[in-house]
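Participant: Dropping in query28.txt, with compact mmCIF, C-alpha atoms and all ligand atoms.
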```
# COMPACT_ATOMS: atom_id res chain seq x y z
CA MET A 69 -154.82 -81.15 -27.31
CA ALA A 70 -157.92 -79.04 -27.70
CA TRP A 71 -159.86 -77.73 -30.66
CA SER A 72 -157.80 -75.21 -32.58
CA ASP A 73 -159.15 -71.67 -32.99
CA LYS A 74 -159.48 -72.30 -36.69
CA VAL A 75 -161.78 -75.30 -36.14
CA LYS A 76 -163.72 -73.46 -33.42
CA ASN A 77 -164.31 -70.42 -35.57
CA GLU A 78 -165.40 -72.44 -38.53
CA VAL A 79 -167.91 -74.66 -36.72
CA LEU A 80 -169.34 -71.84 -34.59
CA VAL A 81 -170.06 -69.77 -37.67
CA LYS A 82 -171.51 -72.79 -39.46
CA CYS A 83 -173.93 -73.57 -36.64
CA GLY A 84 -174.66 -69.92 -35.78
CA ARG A 85 -173.98 -70.89 -32.14
CA HIS A 86 -177.07 -73.07 -32.10
CA CYS A 87 -177.05 -76.66 -30.86
CA CYS A 88 -176.98 -79.05 -33.84
CA ILE A 89 -179.37 -81.51 -32.17
CA CYS A 90 -182.06 -79.43 -30.44
CA HIS A 91 -181.38 -76.19 -32.38
CA LYS A 92 -181.49 -74.04 -29.27
CA PHE A 93 -179.52 -70.79 -29.47
CA CYS A 94 -176.60 -71.16 -27.01
CA GLY A 95 -174.49 -68.01 -27.31
CA ILE A 96 -171.40 -68.66 -25.17
CA LYS A 97 -173.00 -71.75 -23.62
CA ILE A 98 -172.02 -73.99 -26.48
CA GLU A 99 -169.62 -76.95 -26.43
CA LEU A 100 -167.80 -78.87 -29.10
CA HIS A 101 -168.28 -82.63 -29.01
CA HIS A 102 -166.01 -85.27 -30.54
CA ILE A 103 -168.15 -87.52 -32.76
CA ILE A 104 -165.41 -90.15 -32.53
CA HIS A 105 -163.85 -89.94 -29.08
CA LYS A 106 -160.19 -88.98 -28.83
CA SER A 107 -159.39 -92.30 -27.12
CA GLU A 108 -160.73 -94.08 -30.20
CA GLY A 109 -158.57 -92.07 -32.55
CA GLY A 110 -160.99 -89.20 -33.22
CA LYS A 111 -159.28 -86.15 -34.66
CA GLU A 112 -159.79 -82.55 -33.65
CA ASN A 113 -160.95 -81.33 -37.01
CA VAL A 114 -164.17 -79.91 -38.46
CA GLU A 115 -165.27 -83.32 -39.70
CA ASN A 116 -165.16 -84.89 -36.23
CA CYS A 117 -166.78 -81.95 -34.43
CA ILE A 118 -170.41 -81.22 -33.60
CA PRO A 119 -171.42 -78.10 -31.61
CA LEU A 120 -173.95 -78.93 -28.88
CA CYS A 121 -175.77 -77.23 -26.00
CA PHE A 122 -174.85 -78.29 -22.44
CA ASP A 123 -177.87 -80.60 -22.17
CA CYS A 124 -177.35 -82.42 -25.44
CA HIS A 125 -173.63 -82.68 -24.77
CA ALA A 126 -174.27 -84.15 -21.32
CA ASP A 127 -176.60 -86.74 -22.89
CA GLN A 128 -173.85 -87.77 -25.30
CA ARG A 129 -171.27 -88.10 -22.57
CA SER A 130 -173.37 -89.75 -19.89
CA TYR A 131 -174.60 -92.62 -22.03
CA ASP A 132 -173.49 -95.78 -20.27
CA HIS A 133 -172.90 -98.77 -22.54
CA ASN A 134 -173.10 -101.16 -19.62
CA HIS A 135 -176.45 -99.82 -18.40
CA PRO A 136 -178.10 -98.43 -21.51
CA LYS A 137 -181.10 -96.20 -20.97
CA GLY A 138 -182.78 -94.68 -23.98
CA THR A 139 -181.11 -94.93 -27.36
CA LYS A 140 -177.68 -93.52 -28.05
CA TYR A 141 -177.15 -91.32 -31.09
CA SER A 142 -175.02 -93.12 -33.64
CA ARG A 143 -172.07 -91.29 -35.22
CA GLU A 144 -173.86 -91.28 -38.52
CA GLU A 145 -176.94 -89.74 -36.92
CA LEU A 146 -174.89 -87.00 -35.28
CA LYS A 147 -173.31 -86.16 -38.61
CA ARG A 148 -176.68 -85.98 -40.31
CA HIS A 149 -178.06 -83.67 -37.64
CA ARG A 150 -175.04 -81.48 -38.06
CA GLU A 151 -175.17 -81.33 -41.85
CA LYS A 152 -178.89 -80.57 -41.83
CA TRP A 153 -178.40 -77.76 -39.34
CA TYR A 154 -175.35 -76.26 -41.08
CA LYS A 155 -177.42 -76.18 -44.25
CA MET A 156 -180.30 -74.37 -42.55
CA VAL A 157 -178.00 -71.77 -41.05
CA GLY A 158 -176.21 -71.34 -44.36
CA GLN A 159 -179.45 -70.69 -46.21
CA ASN A 160 -180.37 -67.98 -43.77
CA LEU A 161 -177.36 -65.98 -44.82
CA GLY A 162 -178.46 -65.95 -48.43
CA THR A 163 -181.18 -63.86 -50.00
CA GLY A 164 -183.82 -66.36 -49.00
CA ASN A 165 -185.46 -69.21 -50.80
CA ILE A 166 -189.01 -68.41 -51.87
CA ASP A 167 -190.29 -71.98 -51.26
CA HIS A 168 -188.85 -71.95 -47.78
CA LEU A 169 -190.37 -68.56 -47.11
CA GLU A 170 -193.81 -69.83 -48.07
CA GLN A 171 -193.40 -72.91 -45.93
CA ASP A 172 -192.24 -70.84 -42.98
CA ILE A 173 -195.30 -68.60 -43.35
CA ALA A 174 -197.51 -71.70 -43.29
CA THR A 175 -195.68 -72.99 -40.22
CA PHE A 176 -196.11 -69.67 -38.46
CA LYS A 177 -199.83 -69.65 -39.21
CA VAL A 178 -200.32 -73.11 -37.75
CA ILE A 179 -198.67 -72.03 -34.51
CA PHE A 180 -200.36 -68.65 -34.40
CA GLU A 181 -203.81 -70.08 -35.00
CA THR A 182 -203.26 -72.76 -32.38
CA ILE A 183 -202.69 -70.27 -29.63
CA PRO A 184 -204.85 -67.16 -29.63
CA THR A 185 -203.04 -63.99 -28.58
CA ASN A 186 -205.61 -63.31 -25.90
CA SER A 187 -204.71 -66.59 -24.16
CA ILE A 188 -201.15 -65.37 -23.83
CA ALA A 189 -202.33 -61.98 -22.57
CA HIS A 190 -204.48 -63.84 -20.10
CA LEU A 191 -201.50 -65.83 -18.90
CA ARG A 192 -199.42 -62.70 -18.47
CA GLU A 193 -202.05 -60.82 -16.49
CA TRP A 194 -202.96 -63.74 -14.28
CA ASP A 195 -201.77 -63.37 -10.73
CA PHE A 196 -201.48 -66.89 -9.40
CA GLY A 197 -201.16 -65.80 -5.79
CA ARG A 198 -204.10 -63.44 -5.57
CA ARG A 199 -206.84 -65.55 -7.04
CA TRP A 200 -208.72 -67.47 -4.42
CA PHE A 201 -207.88 -70.82 -5.96
CA SER A 202 -204.81 -69.67 -7.86
CA MET A 203 -206.18 -71.21 -10.96
CA ILE A 204 -204.08 -71.66 -14.02
CA PRO A 205 -205.36 -71.42 -17.57
CA ILE A 206 -203.74 -74.53 -18.98
CA ARG A 207 -205.67 -75.40 -22.07
CA PRO A 208 -204.00 -73.00 -24.53
CA LEU A 209 -200.56 -74.16 -23.45
CA GLN A 210 -201.41 -77.81 -23.81
CA LEU A 211 -202.81 -77.24 -27.25
CA LEU A 212 -199.74 -75.40 -28.42
CA ASN A 213 -197.38 -77.97 -27.08
CA LEU A 214 -199.21 -81.01 -28.33
CA LYS A 215 -199.65 -79.57 -31.74
CA ILE A 216 -196.02 -78.57 -32.16
CA LYS A 217 -194.53 -81.65 -30.57
CA ASN A 218 -196.60 -84.15 -32.48
CA GLU A 219 -196.20 -82.64 -35.88
CA PRO A 220 -192.57 -82.87 -36.95
CA TRP A 221 -193.15 -80.84 -40.10
CA ILE A 222 -193.81 -77.78 -37.98
CA GLU A 223 -190.20 -76.79 -38.29
CA PHE A 224 -188.94 -73.47 -39.61
CA PHE A 225 -186.30 -73.32 -42.29
CA ASP A 226 -185.27 -70.02 -40.76
CA SER A 227 -182.93 -70.91 -37.92
CA ASP A 228 -183.73 -67.80 -35.84
CA LEU A 229 -187.45 -68.52 -35.91
CA GLU A 230 -186.83 -72.20 -35.21
CA SER A 231 -184.74 -71.22 -32.23
CA LEU A 232 -187.39 -68.84 -30.80
CA LYS A 233 -190.04 -71.49 -31.33
CA LEU A 234 -187.96 -74.08 -29.45
CA ASN A 235 -187.32 -71.61 -26.65
CA LEU A 236 -191.06 -71.05 -26.30
CA ILE A 237 -191.65 -74.81 -26.19
CA ASP A 238 -188.95 -75.26 -23.55
CA LEU A 239 -190.60 -72.66 -21.31
CA ILE A 240 -194.02 -74.21 -21.73
CA THR A 241 -192.56 -77.64 -20.99
CA ASP A 242 -191.08 -76.28 -17.72
CA PHE A 243 -194.45 -74.78 -16.83
CA GLU A 244 -196.26 -78.03 -17.48
CA ALA A 245 -193.74 -80.14 -15.59
CA ARG A 246 -194.18 -77.97 -12.50
CA MET A 247 -197.96 -78.13 -12.84
CA VAL A 248 -197.78 -81.89 -12.42
CA LYS A 249 -195.92 -81.36 -9.15
CA ASP A 250 -197.53 -78.34 -7.57
CA THR A 251 -201.08 -78.04 -8.84
CA PHE A 252 -204.20 -80.12 -8.72
CA TYR A 253 -207.40 -80.27 -10.66
CA TYR A 254 -209.88 -77.96 -9.15
CA ARG A 255 -213.13 -79.83 -8.90
CA ASP A 256 -215.52 -77.32 -10.37
CA GLY A 257 -216.48 -79.49 -13.31
CA ASN A 258 -214.20 -77.58 -15.64
CA PRO A 259 -211.36 -79.78 -16.90
CA ASP A 260 -209.22 -76.70 -17.61
CA SER A 261 -209.01 -75.59 -14.01
CA HIS A 262 -205.88 -76.28 -12.07
CA CYS A 263 -204.92 -74.67 -8.79
CA ILE A 264 -202.10 -74.36 -6.33
CA PRO A 265 -203.76 -75.69 -3.18
CA ARG A 266 -204.88 -72.70 -1.14
CA GLU A 267 -204.64 -74.76 2.04
CA TRP A 268 -200.85 -74.66 1.75
CA SER A 269 -201.08 -70.95 2.64
CA GLU A 270 -203.53 -71.36 5.53
CA PRO A 271 -201.99 -72.01 8.97
CA HIS A 272 -204.97 -73.95 10.33
CA SER A 273 -205.73 -76.03 7.27
CA GLY A 274 -203.92 -79.14 8.46
CA ASN A 275 -201.76 -79.03 5.34
CA TYR A 276 -199.86 -75.79 5.93
CA GLN A 277 -196.82 -75.55 3.59
CA PRO A 278 -196.17 -71.82 3.26
CA GLU A 279 -192.78 -72.17 1.59
CA ARG A 280 -194.05 -74.57 -1.02
CA TYR A 281 -197.01 -72.30 -1.67
CA GLU A 282 -194.87 -69.18 -2.08
CA ASN A 283 -192.35 -70.99 -4.28
CA ALA A 284 -195.08 -72.29 -6.54
CA VAL A 285 -196.78 -68.90 -6.81
CA LYS A 286 -193.48 -67.26 -7.70
CA PHE A 287 -192.55 -69.95 -10.19
CA PHE A 288 -195.83 -69.77 -12.09
CA ASN A 289 -195.93 -65.98 -12.15
CA ASP A 290 -192.32 -65.73 -13.37
CA LYS A 291 -192.69 -68.50 -15.93
CA ALA A 292 -195.93 -67.00 -17.25
CA ASP A 293 -194.06 -63.72 -17.85
CA GLU A 294 -191.24 -65.53 -19.60
CA ILE A 295 -193.66 -67.44 -21.81
CA SER A 296 -195.52 -64.32 -22.84
CA GLU A 297 -192.25 -62.49 -23.56
CA ALA A 298 -190.96 -65.43 -25.61
CA TYR A 299 -194.23 -65.50 -27.50
CA VAL A 300 -194.07 -61.77 -28.26
CA ASP A 301 -190.46 -62.10 -29.49
CA PHE A 302 -191.49 -64.98 -31.70
CA VAL A 303 -194.42 -63.09 -33.22
CA ILE A 304 -192.44 -59.89 -33.78
CA LEU A 305 -189.57 -61.66 -35.53
CA SER A 306 -191.98 -63.70 -37.64
CA ARG A 307 -193.70 -60.54 -38.78
CA ARG A 308 -190.39 -58.97 -39.71
CA LYS A 309 -188.82 -61.95 -41.40
CA LEU A 310 -191.85 -63.47 -43.07
CA GLY A 311 -193.87 -60.35 -43.71
CA VAL A 312 -196.99 -61.96 -42.28
CA ILE A 313 -199.86 -59.67 -41.48
CA ILE A 314 -201.79 -60.57 -38.34
ZN ZN B 1 -179.14 -79.17 -27.59
```
Can you turn what I pasted into structure tokens?
Facilitator:
Amino acid sequence: MAWSDKVKNEVLVKCGRHCCICHKFCGIKIELHHIIHKSEGGKENVENCIPLCFDCHADQRSYDHNHPKGTKYSREELKRHREKWYKMVGQNLGTGNIDHLEQDIATFKVIFETIPTNSIAHLREWDFGRRWFSMIPIRPLQLLNLKIKNEPWIEFFDSDLESLKLNLIDLITDFEARMVKDTFYYRDGNPDSHCIPREWSEPHSGNYQPERYENAVKFFNDKADEISEAYVDFVILSRRKLGVII
């Protein structure tokens, strides 16, 4: 037995093809999870179904009761996530709630003021391979991430904006994770300076790792482009949907 088309259609419209836990837009990369597993008598109906992205679905399935790591989502919690998200998507289809609009404008302003547009432009134009020390302007990214991650009320009612915001955060998180691996503080007294070690590209440096150097340069250049594109998409849609003037 699998989910019937009727159930699939209903839940995919209800969630707008976004993951009900992390709210990421999934398109065709969405999966339907049984809240109560089939082996425990869970039915294949709308009530027992929660649409999830691959990552969140894998987390649900890989949880090992014998060797618990982290904290498993309870069934009740999954249902609450789902109901909250269905409600948000549903409201988007209406004419708009004026209180929500005002709150979304406030949310947008917090994010926009946290990260100046010129920092993003800077990131986009930076060529990590050409600069002598391949330095990376990290401060604006850290600020954005910390601010958004630590303040749970910075959440849009509008599911499209919430999704673009989460996409931007995901990209920045990737960027930061790689920085931990492939960059080092550059000791010029400036705490913002990170670099990909130039010696990796120099045959006689004693620490010659050309492949690692090239991979890192490519990664940071590509990811910087993706971040700036995601940021532009986010700002454009916010302007259109919220009518903010910036
Ligand atoms: Zn997810």
Participant: List all protein, DNA and RNA residues that have any atom at most 6 Å from ligand ZN 1 (chain B), counting all atoms listed in the file, and write the list as a PyMOL selection string.
Facilitator: chain A and resi 87+89-90+92+120-121+123-124
Participant: Find the distance between CA of Asp290 (chain A) and CA of Asp228 (chain A) and write it in Å to one decimal.
Facilitator: 24.1 Å
Participant: Under the rule that all atoms listed in the file are counted, which of A:Met156, A:Val312, A:Leu234, A:Met247 is the nearest residue to Cys94 (chain A)?
Facilitator: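 Ranked by minimum distance to Cys94 (chain A), first place goes to A:Leu234.
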Participant: Nearest to Ser72 (chain A): which of A:Lys106, A:Asp167, A:Cys263, A:Asn113 is it, counting all atoms listed in the file?
Facilitator: A:Asn113
Participant: Restricting the calculation to all atoms listed in the file: of A:Leu169, A:Tyr141, A:Leu80, A:Leu232, which residue gets closest to Val157 (chain A)?
Facilitator: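 Ranked by minimum distance to Val157 (chain A), first place goes to A:Leu80.
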Participant: Kindly indicate which residue among A:Ile104, A:Leu239, A:Leu146, A:Ala245 lies nearest to Ala298 (chain A), using all atoms listed in the file for the distances.
Facilitator: A:Leu239
Participant: Between CA of Ile304 (chain A) and CA of Lys286 (chain A), measure the distance and give it in Å to one decimal.
Facilitator: 27.1 Å
Participant: Point out the residue among A:Lys309, A:Lys97, A:Lys76, A:Arg246 with the least atom-to-atom distance to Val285 (chain A), counting only C-alpha atoms.
Facilitator: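 Residue with the minimum atom-to-atom distance to Val285 (chain A): A:Arg246.
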Participant: Given the choices A:Thr182, A:Thr139, A:Ser273, A:Asn235, which gets closest to Glu294 (chain A) if the distance is worked out from all atoms listed in the file?
Facilitator: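 Closest candidate: A:Asn235.
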Participant: So how far away is CA of Ile188 (chain A) from CA of Phe225 (chain A), in Å?
Facilitator: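 If I compute the distance from CA of Phe225 (chain A) to CA of Ile188 (chain A), I get 25.0 Å.
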